[in-house]
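Q: Below you will find the structure I want to go over with you.
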Amino acid sequence: MDIERSEVIRVTSSEDVVRIRQLVREWAIRSGFNLVEQTKIVTGASEIARNTVNHGGGGTLLVEAVNNGSRRGIRLTFEDKGPGIADLELAMKDGYSTGGGLGLGLGGAKRLSNEFEISSRPGEGTRVRMTRWK
Amino acid sequence: MERIPILKMGEFLLVTIQVDMHDRLALALQDDLTQRIVDTSARGVLIDISALDVVDSFIGRTLGNIAAMSRILDAETVVVGMRPAVAITLVELGLPLHGVRTALDVEKGMGLLRKAVAGRRPGDGYRAQ
């Protein structure tokens, strides 16, 4: 897989979450995604960015325009050094929330991506990587 | 802190969300609206989201909360102008906005509000749909 372009953005406040929605939208447009696809990518990014701020104590987003030879895509990698997630399987379940939300963030973002990976170690942080292909 | 403006039109309150809301702004709108419903004895709330190109789970939940809170305060809420891409994404996200009345545009939304309010006795309050 080739990485055509990349950028790293800070994710520390709820204003950053709004900025990330706008930035990811621009990247999705540049990669040629249609409006519905853009909206899914941006919404997934918003969910995970909020988790990074509210649960991870802030972190970073790496945005990459990628291609695998035949298809172009966008890969988003959120990383934080927060408390981590003890039970990933439980955290992925719809309706499970520790933050007072609806518990749709992780499961919803997964449904909005083509590839979704999450890794976390309690006490060390969390990394979420989602990719959407055209 | 910035606020989303709330306009009074007769017995209804009208909110046009024109900025991409961060979470605290959405919560402030929820608080402001419930207060204005009580202050003005409004019978209906119309929220125009046609300018929003993203509604994520937090904003969706806020819209649902506003609808539920206003119902308890004897006012109906209609959300209008949702973009098709937003509707598709919300359902896929797992948030089909049960309990929130919607209409395609402001005119249809106002019609729905008038009908809903006319069909209710004053002081009816919350009731099962």
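A note on labels: chains of the structure tokens are A, B, ... as shown, every chain counts residues from 1, and ligands are counted from 1 in their shown order.
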Return as a ChimeraX atom specification the residues belonging to chain B that are within 7 Å of chain A, counting only C-alpha atoms.

A: /B:20,22-23,54,56-57,85-86,89,92-94

Q: Which residues come within 12 Å of A:Glu124, counting only C-alpha atoms, excluding same-chain residues fewer than 2 positions away, as a PyMOL selection string?

A: chain A and resi 56-57+79-86+119-122+126-127

Q: Using the selection just defined, write its residues with all heavy atoms as a CSV table (one decimal), in the first residue's frame.

A:
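Output contents, as saved in out.csv:
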chain,number,residue,atom,x,y,z
A,56,GLY,N,-9.4,9.5,26.2
A,56,GLY,CA,-8.0,9.3,26.1
A,56,GLY,C,-7.2,10.5,26.6
A,56,GLY,O,-5.9,10.5,26.6
A,57,GLY,N,-7.9,11.6,27.0
A,57,GLY,CA,-7.2,12.8,27.5
A,57,GLY,C,-6.5,13.5,26.4
A,57,GLY,O,-5.5,14.3,26.7
A,79,GLU,N,-4.5,8.2,18.0
A,79,GLU,CA,-3.7,7.7,19.1
A,79,GLU,C,-3.7,8.5,20.3
A,79,GLU,O,-3.6,9.8,20.2
A,79,GLU,CB,-2.2,7.5,18.6
A,79,GLU,CG,-1.9,6.1,18.1
A,79,GLU,CD,-0.4,6.0,17.7
A,79,GLU,OE1,-0.1,6.7,16.7
A,79,GLU,OE2,0.3,5.2,18.3
A,80,ASP,N,-3.9,7.9,21.5
A,80,ASP,CA,-3.8,8.7,22.7
A,80,ASP,C,-3.0,7.9,23.7
A,80,ASP,O,-2.7,6.7,23.5
A,80,ASP,CB,-5.2,9.0,23.3
A,80,ASP,CG,-5.9,7.8,23.7
A,80,ASP,OD1,-5.4,7.1,24.6
A,80,ASP,OD2,-7.0,7.5,23.2
A,81,LYS,N,-2.5,8.6,24.8
A,81,LYS,CA,-1.8,7.9,25.8
A,81,LYS,C,-2.6,7.9,27.1
A,81,LYS,O,-2.1,8.1,28.2
A,81,LYS,CB,-0.4,8.6,26.0
A,81,LYS,CG,0.5,8.6,24.8
A,81,LYS,CD,1.9,8.6,25.2
A,81,LYS,CE,2.8,8.6,23.9
A,81,LYS,NZ,2.4,7.7,22.8
A,82,GLY,N,-3.9,7.8,26.9
A,82,GLY,CA,-4.8,7.8,28.1
A,82,GLY,C,-4.8,6.5,28.8
A,82,GLY,O,-3.9,5.6,28.7
A,83,PRO,N,-5.9,6.3,29.6
A,83,PRO,CA,-6.0,5.1,30.5
A,83,PRO,C,-6.1,3.8,29.8
A,83,PRO,O,-6.0,2.7,30.4
A,83,PRO,CB,-7.2,5.4,31.4
A,83,PRO,CG,-8.0,6.4,30.6
A,83,PRO,CD,-7.0,7.2,29.8
A,84,GLY,N,-6.5,3.8,28.5
A,84,GLY,CA,-6.7,2.6,27.7
A,84,GLY,C,-8.0,2.0,28.0
A,84,GLY,O,-8.8,2.5,28.8
A,85,ILE,N,-8.3,0.9,27.3
A,85,ILE,CA,-9.6,0.2,27.4
A,85,ILE,C,-9.3,-1.2,27.9
A,85,ILE,O,-8.6,-2.0,27.3
A,85,ILE,CB,-10.3,0.2,26.0
A,85,ILE,CG1,-10.5,1.6,25.5
A,85,ILE,CG2,-11.6,-0.6,26.1
A,85,ILE,CD1,-11.0,1.7,24.1
A,86,ALA,N,-9.9,-1.5,29.0
A,86,ALA,CA,-9.6,-2.9,29.6
A,86,ALA,C,-10.3,-4.0,28.8
A,86,ALA,O,-9.7,-5.0,28.6
A,86,ALA,CB,-10.1,-2.9,31.1
A,119,SER,N,-6.5,-1.1,19.1
A,119,SER,CA,-5.6,-1.8,20.0
A,119,SER,C,-5.4,-0.9,21.2
A,119,SER,O,-5.4,0.4,21.1
A,119,SER,CB,-4.2,-2.0,19.4
A,119,SER,OG,-3.7,-0.9,18.8
A,120,SER,N,-5.4,-1.5,22.4
A,120,SER,CA,-5.3,-0.7,23.6
A,120,SER,C,-4.7,-1.5,24.7
A,120,SER,O,-4.8,-2.7,24.8
A,120,SER,CB,-6.7,-0.3,24.0
A,120,SER,OG,-6.7,0.5,25.1
A,121,ARG,N,-3.9,-0.8,25.5
A,121,ARG,CA,-3.3,-1.4,26.7
A,121,ARG,C,-3.7,-0.5,27.9
A,121,ARG,O,-3.4,0.7,27.9
A,121,ARG,CB,-1.8,-1.5,26.6
A,121,ARG,CG,-1.3,-2.7,25.9
A,121,ARG,CD,0.2,-2.6,25.9
A,121,ARG,NE,0.8,-3.5,24.9
A,121,ARG,CZ,1.0,-4.8,25.1
A,121,ARG,NH1,0.7,-5.3,26.3
A,121,ARG,NH2,1.4,-5.6,24.1
A,122,PRO,N,-4.3,-1.2,28.9
A,122,PRO,CA,-4.6,-0.3,30.1
A,122,PRO,C,-3.4,0.4,30.7
A,122,PRO,O,-2.3,-0.2,30.8
A,122,PRO,CB,-5.2,-1.4,31.1
A,122,PRO,CG,-5.7,-2.5,30.3
A,122,PRO,CD,-4.8,-2.5,29.0
A,126,THR,N,-4.6,4.1,23.6
A,126,THR,CA,-5.4,3.4,22.7
A,126,THR,C,-5.1,3.9,21.3
A,126,THR,O,-4.8,5.1,21.1
A,126,THR,CB,-6.9,3.8,23.0
A,126,THR,OG1,-7.2,3.3,24.3
A,126,THR,CG2,-7.9,3.1,22.0
A,127,ARG,N,-5.1,3.0,20.3
A,127,ARG,CA,-4.9,3.4,18.9
A,127,ARG,C,-6.1,2.8,18.1
A,127,ARG,O,-6.4,1.6,18.2
A,127,ARG,CB,-3.6,2.9,18.4
A,127,ARG,CG,-3.3,3.4,17.0
A,127,ARG,CD,-2.0,2.9,16.5
A,127,ARG,NE,-2.3,1.7,15.8
A,127,ARG,CZ,-1.5,1.2,14.7
A,127,ARG,NH1,-0.4,1.9,14.4
A,127,ARG,NH2,-1.9,0.1,14.1

Q: What lies within 8 Å of B:Gly44 using only C-alpha atoms, ignoring chain neighbours under 3 positions off, as number ranges by chain?

A: B: 11-13, 75-78, 113, 117

Q: Please provide as a compact mmCIF listing (two decimals) with N, CA and C atoms, in the first residue's frame all residues within 10 Å of stretch 28-35 of chain B, with the sequence filter that same-chain residues fewer than 6 positions apart are discarded (counting only C-alpha atoms).

A:
# COMPACT_ATOMS: atom_id res chain seq x y z
N MET B 1 -19.09 32.81 25.66
CA MET B 1 -19.17 31.69 24.72
C MET B 1 -20.25 31.95 23.68
N GLU B 2 -19.99 31.52 22.44
CA GLU B 2 -20.99 31.70 21.38
C GLU B 2 -22.23 30.86 21.69
N ARG B 3 -23.36 31.30 21.15
CA ARG B 3 -24.63 30.63 21.36
C ARG B 3 -25.36 30.50 20.03
N ILE B 4 -26.21 29.47 19.90
CA ILE B 4 -27.08 29.36 18.73
C ILE B 4 -28.32 30.21 18.99
N PRO B 5 -28.64 31.16 18.08
CA PRO B 5 -29.80 32.03 18.34
C PRO B 5 -31.13 31.27 18.27
N ILE B 6 -32.07 31.68 19.14
CA ILE B 6 -33.42 31.09 19.17
C ILE B 6 -34.41 32.22 18.88
N LEU B 13 -40.90 28.36 18.67
CA LEU B 13 -39.51 28.80 18.69
C LEU B 13 -38.82 28.22 17.47
N LEU B 14 -37.97 29.02 16.84
CA LEU B 14 -37.32 28.62 15.61
C LEU B 14 -35.80 28.68 15.80
N VAL B 15 -35.15 27.58 15.51
CA VAL B 15 -33.68 27.52 15.64
C VAL B 15 -33.09 27.08 14.31
N ILE B 17 -29.61 26.05 12.84
CA ILE B 17 -28.21 25.78 13.20
C ILE B 17 -27.35 26.00 11.96
N MET B 21 -21.47 22.46 15.17
CA MET B 21 -21.46 22.65 16.63
C MET B 21 -20.46 21.74 17.32
N SER B 41 -43.67 30.12 27.11
CA SER B 41 -44.80 29.18 27.00
C SER B 41 -44.97 28.69 25.57
N ALA B 42 -43.88 28.46 24.90
CA ALA B 42 -43.94 28.02 23.50
C ALA B 42 -44.61 26.66 23.41
N VAL B 45 -41.30 23.71 18.80
CA VAL B 45 -39.92 24.08 18.49
C VAL B 45 -39.59 23.52 17.11
N THR B 62 -28.35 14.95 21.18
CA THR B 62 -28.82 16.24 21.65
C THR B 62 -30.19 16.57 21.03
N LEU B 63 -30.36 16.28 19.74
CA LEU B 63 -31.66 16.52 19.10
C LEU B 63 -32.74 15.67 19.76
N ASN B 65 -32.69 14.50 22.84
CA ASN B 65 -32.92 15.05 24.18
C ASN B 65 -33.83 16.27 24.13
N ILE B 66 -33.56 17.15 23.17
CA ILE B 66 -34.37 18.37 23.04
C ILE B 66 -35.83 17.99 22.79
N ALA B 67 -36.05 17.01 21.90
CA ALA B 67 -37.42 16.58 21.60
C ALA B 67 -38.09 16.02 22.85
N MET B 69 -37.25 16.55 26.08
CA MET B 69 -37.43 17.58 27.13
C MET B 69 -38.57 18.52 26.78
N SER B 70 -38.66 18.92 25.49
CA SER B 70 -39.72 19.85 25.13
C SER B 70 -41.09 19.19 25.27
N ILE B 72 -41.96 17.02 27.51
CA ILE B 72 -42.31 17.08 28.93
C ILE B 72 -42.75 18.48 29.32
N LEU B 73 -42.21 19.50 28.60
CA LEU B 73 -42.59 20.89 28.86
C LEU B 73 -43.76 21.33 27.98
N ALA B 75 -44.36 21.05 24.75
CA ALA B 75 -44.10 21.62 23.42
C ALA B 75 -43.66 20.50 22.48

Q: Interatomic distance between atom CA of B:Ser50 and atom CA of A:Ser113?

A: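 Between these atoms lies a distance of 24.7 Å.
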
Q: Counting only C-alpha atoms, which of A:Ile3, A:Ile118, A:Leu90, A:Phe78 gets nearest to A:Thr52?

A: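 Residue with the minimum atom-to-atom distance to A:Thr52: A:Phe78.
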
Q: For A:Ala91, which residue out of A:Ile20, A:Ile9, A:Asp2, A:Asn51 is the nearest one, using only C-alpha atoms?

A: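 Of A:Ile20, A:Ile9, A:Asp2, A:Asn51, the one nearest A:Ala91 is A:Asn51, counting only C-alpha atoms.
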
Q: How many Å separate atom CA of A:Ile74 from atom CA of A:Arg132?

A: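 Computing it gives 5.5 Å between the two atoms.
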
Q: Could you give me the residues within stretch 31-110 of chain A that DSSP places in strand (DSSP E), as an MDAnalysis selection string?

A: chainID A and resid 59:67 72:80
